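Asks: This is the structure I want to talk about, given as structure tokens.
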Amino acid sequence: MPEARAQGGDAEKILKAMSDYVASQNTVSVTFDSDIEVITSSLQKIQFTSSGQVQLSRPDKLRASRTGGYRDIEIVFDGKILTVNNKDSKDYAQIDAPGTADQLIDILRDKHGVVAPGADLLLPNVYDVMMADVIEGAVIGKGVIDGVECDHLAFRNTETDWQIWIESGAKPIPRKYVITSKGIGEAPQYTLRIKDWKTGLPADAFAFKPDTSAKKISLGDLGDIDEVPQGIAKTGAKK
């Protein structure tokens, strides 16, 4: 790896180009698959897989859905009201949340423990967020994700190693993102694969229409909405 480590400046340059490209997109719609690994008490590594979609209209609209074997969750933000919809239990919660989508992402994660899948990759300042605690970066080489040639980058901080594959050429779109948790035994990983990247959204993309049988409850009364069932084991980091 000596040659790759010597290319740290190139890694930062490619990541910055991705950040600038993402920030230039006023509307974005992506679909994704995600895998999160857990380590059981008997040191067995188990992986849980989900799929979903994220839609963003800057500066203040966001919709994210995630469907897996255990949860079917949707988050809708129209610039004024945040809705967290638990389709499994047919209930939903709404709170006033005026502000931008960027502020909402931070509030959801820090105050409510709700993560919009891959949301950090869509922030206008994604470069600053991802590089904040990096101690080492490298260009590993090339890779192919879903038939698309990508630049493969690897970065390290004190708690995690993370890799990102960015589409080569005029549209430096993030295609794959892997976080490895070094502080947990067996180093579980979180993997996000972005499949479809589109711009342009329907007019009603951020209108929430509850199921006729759904019940409105308080946010604190929502059931567990994590993609891993409670009590399973320690999980890898994710953004």
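Going through the structure tokens in order, the chains are called A, B, and so on, while each chain numbers its residues from 1 and the ligands are numbered from 1 in the order shown.
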Please run DSSP on the backbone and report, as a VMD selection string, all residues within stretch 10-216 of chain A that come out as alpha helix (DSSP H).
Replies: chain A and resid 10 to 23 101 to 112 126 to 131
Asks: So that I can check the surroundings of A:Asn125, please list as an MDAnalysis selection string every protein, DNA and RNA residue that reaches within 12 Å of it, counting only C-alpha atoms and ignoring chain neighbours fewer than 4 positions away.
Replies: chainID A and resid 15:24 102 119:121 129:132
Asks: Restricting it to all heavy atoms, dump the selection as a short mmCIF file (atom, residue, chain, number, x, y, z; two decimals), in the first residue's frame.
Replies:
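Writing done, so here's part.cif:
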```cif
data_model
loop_
_atom_site.label_atom_id
_atom_site.label_comp_id
_atom_site.auth_asym_id
_atom_site.auth_seq_id
_atom_site.Cartn_x
_atom_site.Cartn_y
_atom_site.Cartn_z
N LEU A 15 -12.65 13.37 -3.57
CA LEU A 15 -13.76 13.50 -2.63
C LEU A 15 -14.36 14.90 -2.69
O LEU A 15 -15.59 15.08 -2.63
CB LEU A 15 -13.30 13.17 -1.21
CG LEU A 15 -14.42 13.08 -0.17
CD1 LEU A 15 -15.28 11.84 -0.41
CD2 LEU A 15 -13.83 13.04 1.25
N LYS A 16 -13.51 15.91 -2.81
CA LYS A 16 -14.00 17.29 -2.89
C LYS A 16 -14.80 17.50 -4.19
O LYS A 16 -15.83 18.20 -4.18
CB LYS A 16 -12.82 18.25 -2.85
CG LYS A 16 -13.22 19.74 -2.84
CD LYS A 16 -14.03 20.10 -1.62
CE LYS A 16 -14.13 21.60 -1.39
NZ LYS A 16 -14.78 22.31 -2.51
N ALA A 17 -14.36 16.90 -5.28
CA ALA A 17 -15.10 17.01 -6.54
C ALA A 17 -16.48 16.39 -6.40
O ALA A 17 -17.48 16.93 -6.91
CB ALA A 17 -14.33 16.34 -7.67
N MET A 18 -16.57 15.25 -5.69
CA MET A 18 -17.86 14.63 -5.43
C MET A 18 -18.75 15.56 -4.61
O MET A 18 -19.93 15.76 -4.90
CB MET A 18 -17.68 13.30 -4.70
CG MET A 18 -18.99 12.56 -4.44
SD MET A 18 -18.94 11.48 -2.99
CE MET A 18 -19.11 12.69 -1.66
N SER A 19 -18.18 16.14 -3.55
CA SER A 19 -18.91 17.05 -2.67
C SER A 19 -19.46 18.24 -3.44
O SER A 19 -20.63 18.62 -3.29
CB SER A 19 -18.01 17.52 -1.53
OG SER A 19 -18.68 18.43 -0.68
N ASP A 20 -18.62 18.83 -4.30
CA ASP A 20 -19.05 19.99 -5.08
C ASP A 20 -20.16 19.61 -6.06
O ASP A 20 -21.12 20.37 -6.27
CB ASP A 20 -17.87 20.58 -5.85
CG ASP A 20 -16.85 21.22 -4.93
OD1 ASP A 20 -17.18 21.49 -3.75
OD2 ASP A 20 -15.70 21.46 -5.38
N TYR A 21 -20.05 18.42 -6.66
CA TYR A 21 -21.08 17.98 -7.61
C TYR A 21 -22.41 17.74 -6.90
O TYR A 21 -23.47 18.18 -7.38
CB TYR A 21 -20.62 16.70 -8.32
CG TYR A 21 -21.63 16.22 -9.35
CD1 TYR A 21 -21.69 16.78 -10.61
CD2 TYR A 21 -22.52 15.20 -9.02
CE1 TYR A 21 -22.62 16.35 -11.55
CE2 TYR A 21 -23.46 14.76 -9.94
CZ TYR A 21 -23.51 15.34 -11.20
OH TYR A 21 -24.44 14.92 -12.12
N VAL A 22 -22.35 17.06 -5.75
CA VAL A 22 -23.57 16.79 -4.99
C VAL A 22 -24.24 18.10 -4.57
O VAL A 22 -25.46 18.27 -4.67
CB VAL A 22 -23.25 15.93 -3.75
CG1 VAL A 22 -24.44 15.87 -2.80
CG2 VAL A 22 -22.85 14.52 -4.17
N ALA A 23 -23.43 19.06 -4.10
CA ALA A 23 -23.97 20.34 -3.64
C ALA A 23 -24.62 21.12 -4.78
O ALA A 23 -25.51 21.94 -4.55
CB ALA A 23 -22.87 21.18 -3.00
N SER A 24 -24.19 20.88 -6.02
CA SER A 24 -24.73 21.62 -7.17
C SER A 24 -26.09 21.09 -7.62
O SER A 24 -26.75 21.73 -8.44
CB SER A 24 -23.74 21.55 -8.34
OG SER A 24 -23.72 20.24 -8.91
N ASP A 102 -30.70 19.97 5.97
CA ASP A 102 -29.42 19.71 6.62
C ASP A 102 -29.57 19.75 8.14
O ASP A 102 -29.05 18.88 8.86
CB ASP A 102 -28.37 20.75 6.21
CG ASP A 102 -28.18 20.80 4.70
OD1 ASP A 102 -28.63 19.86 4.02
OD2 ASP A 102 -27.59 21.78 4.21
N ALA A 119 -27.68 9.90 4.34
CA ALA A 119 -28.03 11.32 4.24
C ALA A 119 -26.79 12.21 4.18
O ALA A 119 -26.78 13.24 3.50
CB ALA A 119 -28.93 11.74 5.39
N ASP A 120 -25.74 11.84 4.92
CA ASP A 120 -24.54 12.66 4.93
C ASP A 120 -23.94 12.83 3.54
O ASP A 120 -23.33 13.84 3.22
CB ASP A 120 -23.48 12.07 5.87
CG ASP A 120 -23.79 12.34 7.33
OD1 ASP A 120 -24.65 13.21 7.60
OD2 ASP A 120 -23.18 11.70 8.20
N LEU A 121 -24.13 11.82 2.69
CA LEU A 121 -23.57 11.89 1.34
C LEU A 121 -24.29 12.91 0.47
O LEU A 121 -23.79 13.27 -0.59
CB LEU A 121 -23.65 10.51 0.67
CG LEU A 121 -22.76 9.42 1.25
CD1 LEU A 121 -23.01 8.10 0.53
CD2 LEU A 121 -21.28 9.80 1.15
N VAL A 129 -17.82 17.38 6.37
CA VAL A 129 -18.35 16.42 7.35
C VAL A 129 -17.52 15.15 7.35
O VAL A 129 -17.14 14.64 8.41
CB VAL A 129 -19.83 16.10 7.02
CG1 VAL A 129 -20.34 14.96 7.90
CG2 VAL A 129 -20.70 17.34 7.23
N MET A 130 -17.22 14.62 6.18
CA MET A 130 -16.53 13.34 6.10
C MET A 130 -15.05 13.45 6.43
O MET A 130 -14.45 12.50 6.93
CB MET A 130 -16.71 12.73 4.71
CG MET A 130 -18.17 12.44 4.37
SD MET A 130 -18.40 11.69 2.74
CE MET A 130 -17.88 10.00 3.07
N MET A 131 -14.44 14.61 6.18
CA MET A 131 -13.01 14.77 6.41
C MET A 131 -12.69 15.33 7.80
O MET A 131 -11.52 15.47 8.15
CB MET A 131 -12.41 15.70 5.35
CG MET A 131 -12.37 15.12 3.95
SD MET A 131 -11.28 13.68 3.81
CE MET A 131 -9.68 14.43 4.16
N ALA A 132 -13.70 15.59 8.61
CA ALA A 132 -13.49 16.29 9.89
C ALA A 132 -12.49 15.58 10.80
O ALA A 132 -11.68 16.23 11.46
CB ALA A 132 -14.83 16.45 10.61
#
```
Asks: Extract, using only C-alpha atoms, all DNA, RNA and protein residues at most 12 Å from stretch 204-206 of chain A, discarding same-chain residues fewer than 6 positions from it, and format them as number ranges by chain.
Replies: A: 27-29, 53-57, 60-64, 74-83
Asks: Restrict the selected residues to C-alpha atoms and save them as an mmCIF file, in the first residue's frame.
Replies:
```cif
data_model
loop_
_atom_site.group_PDB
_atom_site.id
_atom_site.type_symbol
_atom_site.label_atom_id
_atom_site.label_comp_id
_atom_site.auth_asym_id
_atom_site.auth_seq_id
_atom_site.Cartn_x
_atom_site.Cartn_y
_atom_site.Cartn_z
ATOM 1 C CA THR A 27 -33.009 18.020 -6.428
ATOM 2 C CA VAL A 28 -31.802 14.448 -6.031
ATOM 3 C CA SER A 29 -33.523 11.069 -5.943
ATOM 4 C CA GLN A 53 -35.039 5.580 -1.459
ATOM 5 C CA VAL A 54 -33.944 9.110 -0.543
ATOM 6 C CA GLN A 55 -35.426 12.201 -2.199
ATOM 7 C CA LEU A 56 -34.058 15.670 -1.504
ATOM 8 C CA SER A 57 -35.079 19.143 -2.654
ATOM 9 C CA ASP A 60 -35.860 22.250 3.055
ATOM 10 C CA LYS A 61 -37.493 19.062 1.793
ATOM 11 C CA LEU A 62 -36.516 15.438 2.410
ATOM 12 C CA ARG A 63 -38.130 12.031 2.053
ATOM 13 C CA ALA A 64 -36.407 8.776 2.988
ATOM 14 C CA GLU A 74 -40.559 6.357 6.074
ATOM 15 C CA ILE A 75 -39.435 9.886 6.984
ATOM 16 C CA VAL A 76 -41.109 12.881 5.307
ATOM 17 C CA PHE A 77 -40.111 16.528 5.785
ATOM 18 C CA ASP A 78 -41.885 19.304 3.895
ATOM 19 C CA GLY A 79 -39.978 22.257 5.351
ATOM 20 C CA LYS A 80 -42.336 22.708 8.290
ATOM 21 C CA ILE A 81 -43.465 19.338 9.615
ATOM 22 C CA LEU A 82 -41.473 16.143 10.134
ATOM 23 C CA THR A 83 -43.351 12.867 9.852
#
```
Asks: Excluding same-chain residues fewer than 5 positions from A:Arg58, what lies within 8 Å of it counting only C-alpha atoms, as an mmCIF file with C-alpha atoms, in the first residue's frame?
Replies:
```
data_model
loop_
_atom_site.group_PDB
_atom_site.id
_atom_site.type_symbol
_atom_site.label_atom_id
_atom_site.label_comp_id
_atom_site.auth_asym_id
_atom_site.auth_seq_id
_atom_site.Cartn_x
_atom_site.Cartn_y
_atom_site.Cartn_z
ATOM 1 C CA ASN A 26 -30.915 21.172 -6.304
ATOM 2 C CA THR A 27 -33.009 18.020 -6.428
ATOM 3 C CA THR A 100 -33.442 23.161 6.380
ATOM 4 C CA ALA A 101 -33.032 19.513 5.461
#
```
Asks: Using only C-alpha atoms, which of A:Ser218, A:Thr199, A:Thr67, A:Thr191 sits nearest A:Ser34?
Replies: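 Checking each of A:Ser218, A:Thr199, A:Thr67, A:Thr191 against A:Ser34, counting only C-alpha atoms, the winner is A:Thr191.
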Asks: Hey, can you check how far atom CA of A:Pro202 sits from atom CA of A:Arg66?
Replies: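 Distance reported for this atom pair: 19.7 Å.
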Asks: Quick one: residues within 12 Å of A:Gly223, only C-alpha atoms counted, chain neighbours fewer than 4 positions away excluded, as an NGL selection string?
Replies: :A and (71-73 or 84-93 or 114 or 217-219 or 229-230)
Asks: Next, dump the selected residues to file, keeping only N, CA, C and O atoms, as a short mmCIF file (atom, residue, chain, number, x, y, z; two decimals), in the first residue's frame.
Replies:
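As a result, out.cif now contains:
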```cif
data_model
loop_
_atom_site.label_atom_id
_atom_site.label_comp_id
_atom_site.auth_asym_id
_atom_site.auth_seq_id
_atom_site.Cartn_x
_atom_site.Cartn_y
_atom_site.Cartn_z
N ARG A 71 -38.20 -4.00 9.47
CA ARG A 71 -38.75 -2.66 9.58
C ARG A 71 -39.14 -2.12 8.20
O ARG A 71 -38.49 -2.41 7.19
N ASP A 72 -40.19 -1.31 8.19
CA ASP A 72 -40.62 -0.60 6.99
C ASP A 72 -40.92 0.83 7.44
O ASP A 72 -42.00 1.11 7.96
N ILE A 73 -39.95 1.72 7.24
CA ILE A 73 -39.98 3.05 7.83
C ILE A 73 -39.92 4.12 6.74
O ILE A 73 -39.22 3.96 5.74
N VAL A 84 -42.58 10.82 10.90
CA VAL A 84 -41.91 9.52 10.95
C VAL A 84 -43.02 8.47 10.90
O VAL A 84 -43.84 8.38 11.82
N ASN A 85 -43.03 7.70 9.85
CA ASN A 85 -44.12 6.77 9.57
C ASN A 85 -43.62 5.34 9.74
O ASN A 85 -42.76 4.87 8.99
N ASN A 86 -44.16 4.64 10.73
CA ASN A 86 -43.82 3.24 10.98
C ASN A 86 -44.89 2.38 10.32
O ASN A 86 -45.96 2.15 10.88
N LYS A 87 -44.61 1.94 9.11
CA LYS A 87 -45.61 1.19 8.34
C LYS A 87 -45.89 -0.18 8.94
O LYS A 87 -46.99 -0.73 8.75
N ASP A 88 -44.92 -0.74 9.65
CA ASP A 88 -45.11 -2.06 10.25
C ASP A 88 -46.26 -2.05 11.27
O ASP A 88 -47.13 -2.92 11.25
N SER A 89 -46.23 -1.06 12.14
CA SER A 89 -47.24 -0.99 13.20
C SER A 89 -48.40 -0.08 12.84
O SER A 89 -49.31 0.13 13.65
N LYS A 90 -48.36 0.47 11.61
CA LYS A 90 -49.41 1.36 11.12
C LYS A 90 -49.67 2.52 12.08
O LYS A 90 -50.81 2.80 12.45
N ASP A 91 -48.59 3.17 12.47
CA ASP A 91 -48.72 4.41 13.23
C ASP A 91 -47.64 5.39 12.77
O ASP A 91 -46.64 5.01 12.17
N TYR A 92 -47.88 6.66 13.04
CA TYR A 92 -46.95 7.68 12.61
C TYR A 92 -46.96 8.83 13.61
O TYR A 92 -47.92 9.02 14.37
N ALA A 93 -45.87 9.59 13.62
CA ALA A 93 -45.74 10.73 14.51
C ALA A 93 -45.32 11.95 13.71
O ALA A 93 -44.59 11.83 12.71
N VAL A 114 -32.68 8.81 14.96
CA VAL A 114 -33.23 8.38 13.67
C VAL A 114 -32.24 8.75 12.57
O VAL A 114 -31.84 9.91 12.45
N ILE A 217 -49.62 9.09 16.65
CA ILE A 217 -49.20 9.02 18.03
C ILE A 217 -48.05 10.02 18.25
O ILE A 217 -47.60 10.67 17.30
N SER A 218 -47.56 10.13 19.47
CA SER A 218 -46.44 11.02 19.75
C SER A 218 -45.14 10.36 19.32
O SER A 218 -45.04 9.12 19.25
N LEU A 219 -44.15 11.17 19.02
CA LEU A 219 -42.86 10.64 18.55
C LEU A 219 -42.24 9.69 19.58
O LEU A 219 -41.66 8.66 19.23
N PRO A 229 -33.02 -5.66 14.79
CA PRO A 229 -33.87 -5.91 15.94
C PRO A 229 -33.13 -5.66 17.25
O PRO A 229 -31.93 -5.94 17.36
N GLN A 230 -33.83 -5.14 18.24
CA GLN A 230 -33.21 -4.83 19.52
C GLN A 230 -32.69 -6.10 20.19
O GLN A 230 -33.28 -7.17 20.08
#
```
Asks: So, with only C-alpha atoms as the atoms that count, which of A:Ile164, A:Ile107, A:Ile36, A:Ala214 lies closest to A:Asp151?
Replies: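 Among the listed residues, the smallest separation from A:Asp151 belongs to A:Ile164.
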Asks: Which one is closest to A:Ile166: A:Ser50, A:Glu12, A:Ile105, A:Gly220? Count only C-alpha atoms.
Replies: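 Answer, going by the shortest atom-to-atom distance: A:Glu12.
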Asks: Looking only at strand (DSSP E or B) from DSSP on the backbone, list the matching residues of chain A as a ChimeraX atom specification.
Replies: /A:27-39,45-57,61-68,72-77,81-86,91-96,136-145,148-156,160-167,174-181,189-198,215-216,234-235
Asks: Residues at most 7 Å from A:Ala11, counting only C-alpha atoms, excluding those fewer than 4 positions away in the same chain, as a list in words?
Replies: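 Residues meeting the cut-off are Gln7, Leu15, Gly137, Ala138, Val139 and Leu153 of chain A.
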Asks: Could you name the residues that touch A:Trp162 at 9 Å or less, counting only C-alpha atoms, but leaving out those on the same chain fewer than 5 positions away, as a list in words?
Replies: Leu153, Ala154, Phe155, Arg156, Asn157, Tyr177, Val178, Ile179, Thr180 and Ser181 of chain A
Asks: Please indicate the distance in Å from atom CA of A:Asp146 to atom CA of A:Trp197, rounded to one decimal place.
Replies: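 Those two atoms sit 12.4 Å apart.
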